[in-house]
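Structure file query.cif with mmCIF, C-alpha atoms:
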data_start
loop_
_atom_site.group_PDB
_atom_site.id
_atom_site.type_symbol
_atom_site.label_atom_id
_atom_site.label_comp_id
_atom_site.auth_asym_id
_atom_site.auth_seq_id
_atom_site.Cartn_x
_atom_site.Cartn_y
_atom_site.Cartn_z
ATOM 1 C CA MET A 115 0.000 0.000 0.000
ATOM 2 C CA PHE A 116 1.219 3.450 -0.873
ATOM 3 C CA PHE A 117 0.459 6.983 0.227
ATOM 4 C CA LEU A 118 0.152 9.676 -2.448
ATOM 5 C CA PHE A 119 -0.121 13.433 -2.314
ATOM 6 C CA THR A 120 -2.630 15.254 -4.472
ATOM 7 C CA LEU A 121 -1.710 16.927 -7.727
ATOM 8 C CA GLY A 122 -2.163 20.613 -8.424
ATOM 9 C CA ASN A 123 -4.052 22.842 -6.035
ATOM 10 C CA LYS A 124 -6.017 20.137 -4.244
ATOM 11 C CA ILE A 125 -5.763 19.898 -0.487
ATOM 12 C CA LEU A 126 -5.394 16.419 0.960
ATOM 13 C CA LEU A 127 -7.736 15.838 3.911
ATOM 14 C CA CYS A 128 -6.916 12.609 5.760
ATOM 15 C CA CYS A 129 -9.897 11.895 8.030
ATOM 16 C CA ASP A 130 -10.758 9.336 10.669
ATOM 17 C CA GLY A 131 -13.191 8.763 13.506
ATOM 18 C CA ALA A 132 -12.830 6.616 16.592
ATOM 19 C CA ALA A 133 -15.098 5.293 19.318
ATOM 20 C CA ARG A 134 -13.721 3.614 22.430
ATOM 21 C CA LYS A 135 -16.548 1.112 22.194
ATOM 22 C CA ASN A 136 -19.027 0.941 19.366
ATOM 23 C CA PRO A 137 -20.894 3.073 20.306
ATOM 24 C CA GLY A 138 -18.843 4.765 22.978
ATOM 25 C CA GLU A 139 -16.845 7.883 23.754
ATOM 26 C CA ALA A 140 -16.039 9.103 20.270
ATOM 27 C CA GLY A 141 -13.880 11.624 18.521
ATOM 28 C CA TYR A 142 -12.712 12.655 15.117
ATOM 29 C CA GLY A 143 -9.384 13.649 13.662
ATOM 30 C CA PHE A 144 -8.175 15.074 10.406
ATOM 31 C CA ILE A 145 -4.977 16.401 8.951
ATOM 32 C CA GLY A 146 -4.870 18.762 5.991
ATOM 33 C CA ARG A 147 -1.794 18.784 3.761
ATOM 34 C CA GLU A 148 -0.947 20.619 0.588
ATOM 35 C CA SER A 149 0.365 18.883 -2.534
ATOM 36 C CA ALA A 150 4.000 19.243 -1.385
ATOM 37 C CA GLY A 151 3.128 17.532 1.915
ATOM 38 C CA VAL A 152 3.242 20.585 4.190
ATOM 39 C CA VAL A 153 0.817 20.263 7.120
ATOM 40 C CA LEU A 154 -1.731 23.079 7.077
ATOM 41 C CA ILE A 155 -3.810 21.834 9.999
ATOM 42 C CA ALA A 156 -4.270 18.873 12.274
ATOM 43 C CA GLU A 157 -7.358 18.690 14.441
ATOM 44 C CA ALA A 158 -8.811 16.356 17.043
ATOM 45 C CA GLY A 159 -12.333 16.845 18.336
ATOM 46 C CA GLY A 160 -14.608 15.245 20.891
ATOM 47 C CA ILE A 161 -18.088 14.094 19.875
ATOM 48 C CA TRP A 162 -19.471 12.375 23.000
ATOM 49 C CA ILE A 163 -21.184 8.963 22.683
ATOM 50 C CA ALA A 164 -21.352 7.786 19.072
ATOM 51 C CA PRO A 165 -20.550 4.815 16.816
ATOM 52 C CA ASN A 166 -17.453 4.729 14.598
ATOM 53 C CA TYR A 167 -19.596 5.401 11.520
ATOM 54 C CA MET A 168 -20.844 8.713 12.934
ATOM 55 C CA ALA A 169 -17.361 9.704 14.106
ATOM 56 C CA ASN A 170 -15.998 9.175 10.594
ATOM 57 C CA PHE A 171 -18.634 11.461 9.142
ATOM 58 C CA PHE A 172 -17.841 14.186 11.664
ATOM 59 C CA ALA A 173 -14.164 13.950 10.673
ATOM 60 C CA ILE A 174 -15.000 14.434 6.988
ATOM 61 C CA ILE A 175 -17.526 17.224 7.639
ATOM 62 C CA ASN A 176 -15.195 19.160 9.945
ATOM 63 C CA ALA A 177 -12.245 18.772 7.560
ATOM 64 C CA CYS A 178 -14.251 20.043 4.601
ATOM 65 C CA GLU A 179 -15.705 22.947 6.580
ATOM 66 C CA TRP A 180 -12.176 23.938 7.627
ATOM 67 C CA ALA A 181 -10.996 23.840 3.990
ATOM 68 C CA ILE A 182 -13.920 26.004 2.875
ATOM 69 C CA SER A 183 -13.271 28.500 5.693
ATOM 70 C CA LYS A 184 -9.737 28.943 4.312
ATOM 71 C CA GLY A 185 -10.919 29.277 0.707
ATOM 72 C CA LEU A 186 -9.475 25.884 -0.240
ATOM 73 C CA LEU A 187 -12.216 24.656 -2.547
ATOM 74 C CA GLN A 188 -10.519 21.692 -4.227
ATOM 75 C CA VAL A 189 -10.140 18.763 -1.864
ATOM 76 C CA CYS A 190 -9.227 15.101 -1.839
ATOM 77 C CA ILE A 191 -10.747 13.251 1.102
ATOM 78 C CA ILE A 192 -9.029 10.126 2.388
ATOM 79 C CA THR A 193 -10.744 7.858 4.891
ATOM 80 C CA ASP A 194 -10.283 4.302 6.078
ATOM 81 C CA SER A 195 -14.044 3.895 6.528
ATOM 82 C CA PRO A 196 -15.549 2.017 3.573
ATOM 83 C CA ALA A 197 -19.052 2.548 5.016
ATOM 84 C CA ALA A 198 -18.706 6.337 5.187
ATOM 85 C CA LEU A 199 -17.064 6.416 1.777
ATOM 86 C CA ASN A 200 -19.847 4.361 0.159
ATOM 87 C CA SER A 201 -22.487 6.590 1.737
ATOM 88 C CA LEU A 202 -20.824 9.702 0.313
ATOM 89 C CA ILE A 203 -20.289 8.238 -3.153
ATOM 90 C CA ASN A 204 -23.894 6.955 -3.332
ATOM 91 C CA LYS A 205 -25.237 10.261 -1.934
ATOM 92 C CA ARG A 206 -26.833 8.540 1.054
ATOM 93 C CA VAL A 207 -25.527 10.826 3.759
ATOM 94 C CA PRO A 208 -26.988 10.309 7.255
ATOM 95 C CA TRP A 209 -29.661 12.798 8.273
ATOM 96 C CA TYR A 210 -27.601 14.245 11.134
ATOM 97 C CA VAL A 211 -25.018 15.690 8.710
ATOM 98 C CA GLN A 212 -27.110 16.036 5.563
ATOM 99 C CA THR A 213 -27.610 19.819 5.754
ATOM 100 C CA ARG A 214 -23.931 20.445 6.461
ATOM 101 C CA TRP A 215 -22.825 18.051 3.702
ATOM 102 C CA ASN A 216 -25.169 19.635 1.126
ATOM 103 C CA LYS A 217 -23.717 23.053 1.942
ATOM 104 C CA ILE A 218 -20.189 21.657 1.596
ATOM 105 C CA ILE A 219 -20.708 20.068 -1.829
ATOM 106 C CA SER A 220 -22.491 23.162 -3.138
ATOM 107 C CA THR A 221 -19.473 25.288 -2.105
ATOM 108 C CA LEU A 222 -16.544 23.083 -3.142
ATOM 109 C CA VAL A 223 -15.244 23.480 -6.699
ATOM 110 C CA SER A 224 -14.085 19.865 -6.798
ATOM 111 C CA TYR A 225 -13.832 16.930 -4.448
ATOM 112 C CA GLU A 226 -12.798 13.322 -4.675
ATOM 113 C CA PHE A 227 -12.774 10.412 -2.276
ATOM 114 C CA ILE A 228 -10.051 7.853 -1.710
ATOM 115 C CA HIS A 229 -10.286 4.779 0.483
ATOM 116 C CA SER A 230 -7.162 4.083 2.470
ATOM 117 C CA TYR A 231 -6.249 1.465 4.999
ATOM 118 C CA ARG A 232 -5.511 2.533 8.570
ATOM 119 C CA GLU A 233 -1.843 1.718 8.021
ATOM 120 C CA VAL A 234 -1.709 4.482 5.402
ATOM 121 C CA ASN A 235 -3.921 6.879 7.373
ATOM 122 C CA PHE A 236 -2.154 6.665 10.725
ATOM 123 C CA SER A 237 -1.916 10.431 11.378
ATOM 124 C CA ALA A 238 -5.689 10.878 11.252
ATOM 125 C CA ASP A 239 -6.097 7.662 13.245
ATOM 126 C CA GLU A 240 -3.934 9.048 16.076
ATOM 127 C CA LEU A 241 -5.810 12.365 16.019
ATOM 128 C CA SER A 242 -9.180 10.586 16.195
ATOM 129 C CA LYS A 243 -8.026 8.579 19.205
ATOM 130 C CA MET A 244 -7.054 11.840 20.891
ATOM 131 C CA GLY A 245 -10.489 13.218 19.972
ATOM 132 C CA ALA A 246 -12.168 10.307 21.738
ATOM 133 C CA THR A 247 -10.563 11.467 24.992
ATOM 134 C CA LEU A 248 -11.955 15.012 24.657
ATOM 135 C CA MET A 249 -15.272 16.340 25.905
ATOM 136 C CA ARG A 250 -18.130 16.911 23.457
ATOM 137 C CA GLY A 251 -17.377 20.010 21.384
ATOM 138 C CA GLU A 252 -13.822 20.290 22.681
ATOM 139 C CA LYS A 253 -11.119 20.327 20.042
ATOM 140 C CA ARG A 254 -7.372 20.631 19.694
ATOM 141 C CA THR A 255 -6.079 22.381 16.596
ATOM 142 C CA PHE A 256 -2.462 22.339 15.437
ATOM 143 C CA LEU A 257 -1.199 24.574 12.630
ATOM 144 C CA ARG A 258 1.800 22.355 11.962
ATOM 145 C CA LYS A 259 2.678 18.718 12.565
ATOM 146 C CA PRO A 260 1.809 17.934 16.178
ATOM 147 C CA SER A 261 4.827 16.848 18.201
ATOM 148 C CA PHE A 262 3.100 13.634 19.340
ATOM 149 C CA LEU A 263 2.933 12.435 15.715
ATOM 150 C CA ILE A 264 6.381 10.929 15.407
ATOM 151 C CA SER A 265 6.142 10.669 11.637
ATOM 152 C CA LEU A 266 3.709 11.455 8.834
ATOM 153 C CA GLU A 267 2.682 9.409 5.828
ATOM 154 C CA GLN A 268 5.191 9.700 2.985
ATOM 155 C CA PRO A 269 4.785 8.822 -0.696
ATOM 156 C CA ASP A 270 8.163 7.093 -0.978
ATOM 157 C CA LYS A 271 7.412 4.554 1.726
ATOM 158 C CA ILE A 272 5.635 1.209 1.388
ATOM 159 C CA TYR A 273 3.066 0.456 4.076
ATOM 160 C CA TYR A 274 2.029 -3.123 4.846
ATOM 161 C CA ARG A 275 -1.172 -4.598 6.100
ATOM 162 C CA PHE A 276 -0.888 -7.946 7.835
ATOM 163 C CA VAL A 277 -4.056 -9.984 7.944
#
Spell out the structure here as structure tokens.
Amino acid sequence: MFFLFTLGNKILLCCDGAARKNPGEAGYGFIGRESAGVVLIAEAGGIWIAPNYMANFFAIINACEWAISKGLLQVCIITDSPAALNSLINKRVPWYVQTRWNKIISTLVSYEFIHSYREVNFSADELSKMGATLMRGEKRTFLRKPSFLISLEQPDKIYYRFV
């Protein structure tokens, strides 16, 4: 498995959600990187009690809303949640984020989705785990690579998944 940066002006939004149980104390995390790999933002947020599926949606929604707030209207969304990804592709977004998602897609100039395995989405995975320890509505925002992330995904590295 490989990690790739986006081409051109697209912003890469690596997103993940986590719940300590399913459902349980949940959080989201995302990291936004430009095409050269520079970290623009990393965020972890607390949701409260929710299933993984819901946490993944909150990661994607919050990442896209951040991009729009910065005028970054071309995005590539990476998630390791096949369920969330299929819902977005088939336009079957859950009711609790439908209004926000409709506003997002009407504002973005372009967007694409990429499924990734957790092994190639480990930065967002770590942020989502941090989010699951936060109170509902609480968030931690970093404007560069957080120091607790020892490394970031790199395109020249091969990532393995052992089954």
Residue IDs satisfying the PyMOL selection byres ((chain A and resi 134) around 10), as number ranges by chain: A: 132-133, 135-141, 163-166, 243, 246-247
Would you put the residues from that selection into a file with C-alpha atoms, as a PDB file, in the coordinates of the input?
ATOM      1  CA  ALA A 132     -12.830   6.616  16.592  1.00  0.00           C
ATOM      2  CA  ALA A 133     -15.098   5.293  19.318  1.00  0.00           C
ATOM      3  CA  LYS A 135     -16.548   1.112  22.194  1.00  0.00           C
ATOM      4  CA  ASN A 136     -19.027   0.941  19.366  1.00  0.00           C
ATOM      5  CA  PRO A 137     -20.894   3.073  20.306  1.00  0.00           C
ATOM      6  CA  GLY A 138     -18.843   4.765  22.978  1.00  0.00           C
ATOM      7  CA  GLU A 139     -16.845   7.883  23.754  1.00  0.00           C
ATOM      8  CA  ALA A 140     -16.039   9.103  20.270  1.00  0.00           C
ATOM      9  CA  GLY A 141     -13.880  11.624  18.521  1.00  0.00           C
ATOM     10  CA  ILE A 163     -21.184   8.963  22.683  1.00  0.00           C
ATOM     11  CA  ALA A 164     -21.352   7.786  19.072  1.00  0.00           C
ATOM     12  CA  PRO A 165     -20.550   4.815  16.816  1.00  0.00           C
ATOM     13  CA  ASN A 166     -17.453   4.729  14.598  1.00  0.00           C
ATOM     14  CA  LYS A 243      -8.026   8.579  19.205  1.00  0.00           C
ATOM     15  CA  ALA A 246     -12.168  10.307  21.738  1.00  0.00           C
ATOM     16  CA  THR A 247     -10.563  11.467  24.992  1.00  0.00           C
TER      17      THR A 247
END
Hey, can I get the axis-aligned box for range 231-235 of chain A? All listed atoms, 8 Å padding on each side, centre and edge lengths in Å to one decimal, as lines of an AutoDock Vina configuration file.
center_x = -4.0
center_y = 4.2
center_z = 6.8
size_x = 20.5
size_y = 21.4
size_z = 19.6
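Computed from the coordinates, the CA of Lys184 in chain A to CA of Trp215 in chain A distance equals 17.0 Å.
CA of Trp209 in chain A sits 25.0 Å away from CA of Ile145 in chain A.
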Since I can't run it myself right now, could you work out what the PyMOL selection byres ((chain A and resi 177-181) around 8) selects here and report it as a PDB file with C-alpha atoms, in the coordinates of the input?
ATOM      1  CA  ILE A 125      -5.763  19.898  -0.487  1.00  0.00           C
ATOM      2  CA  LEU A 127      -7.736  15.838   3.911  1.00  0.00           C
ATOM      3  CA  CYS A 129      -9.897  11.895   8.030  1.00  0.00           C
ATOM      4  CA  PHE A 144      -8.175  15.074  10.406  1.00  0.00           C
ATOM      5  CA  ILE A 145      -4.977  16.401   8.951  1.00  0.00           C
ATOM      6  CA  GLY A 146      -4.870  18.762   5.991  1.00  0.00           C
ATOM      7  CA  ALA A 173     -14.164  13.950  10.673  1.00  0.00           C
ATOM      8  CA  ILE A 174     -15.000  14.434   6.988  1.00  0.00           C
ATOM      9  CA  ILE A 175     -17.526  17.224   7.639  1.00  0.00           C
ATOM     10  CA  ASN A 176     -15.195  19.160   9.945  1.00  0.00           C
ATOM     11  CA  ILE A 182     -13.920  26.004   2.875  1.00  0.00           C
ATOM     12  CA  SER A 183     -13.271  28.500   5.693  1.00  0.00           C
ATOM     13  CA  LYS A 184      -9.737  28.943   4.312  1.00  0.00           C
ATOM     14  CA  GLY A 185     -10.919  29.277   0.707  1.00  0.00           C
ATOM     15  CA  LEU A 186      -9.475  25.884  -0.240  1.00  0.00           C
ATOM     16  CA  LEU A 187     -12.216  24.656  -2.547  1.00  0.00           C
ATOM     17  CA  VAL A 189     -10.140  18.763  -1.864  1.00  0.00           C
ATOM     18  CA  ILE A 218     -20.189  21.657   1.596  1.00  0.00           C
TER      19      ILE A 218
END
Result set, the PyMOL selection byres ((chain A and resi 250-259) around 7) on current file, as number ranges by chain: A: 153-162, 248-249, 260-261
Point-to-point distance in Å for CA of Ile191 in chain A and CA of Glu226 in chain A: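 Atom-to-atom, CA of Glu226 in chain A to CA of Ile191 in chain A, that is 6.1 Å.
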Proximity to Phe262 in chain A - best of A:Ile228, A:Met244, A:Ile192, A:Ala169, only C-alpha atoms: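 Of all the options, A:Met244 lies closest to Phe262 in chain A.
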A:Thr221, A:Asn216, A:Ile203, A:Leu266 ranked by distance to Asp239 in chain A, top pick (using all atoms listed in the file): A:Leu266
Option closest in space to Thr193 in chain A, from A:Asp130, A:Ser224, A:Val211, A:Gly245 [counting all atoms listed in the file]: A:Asp130
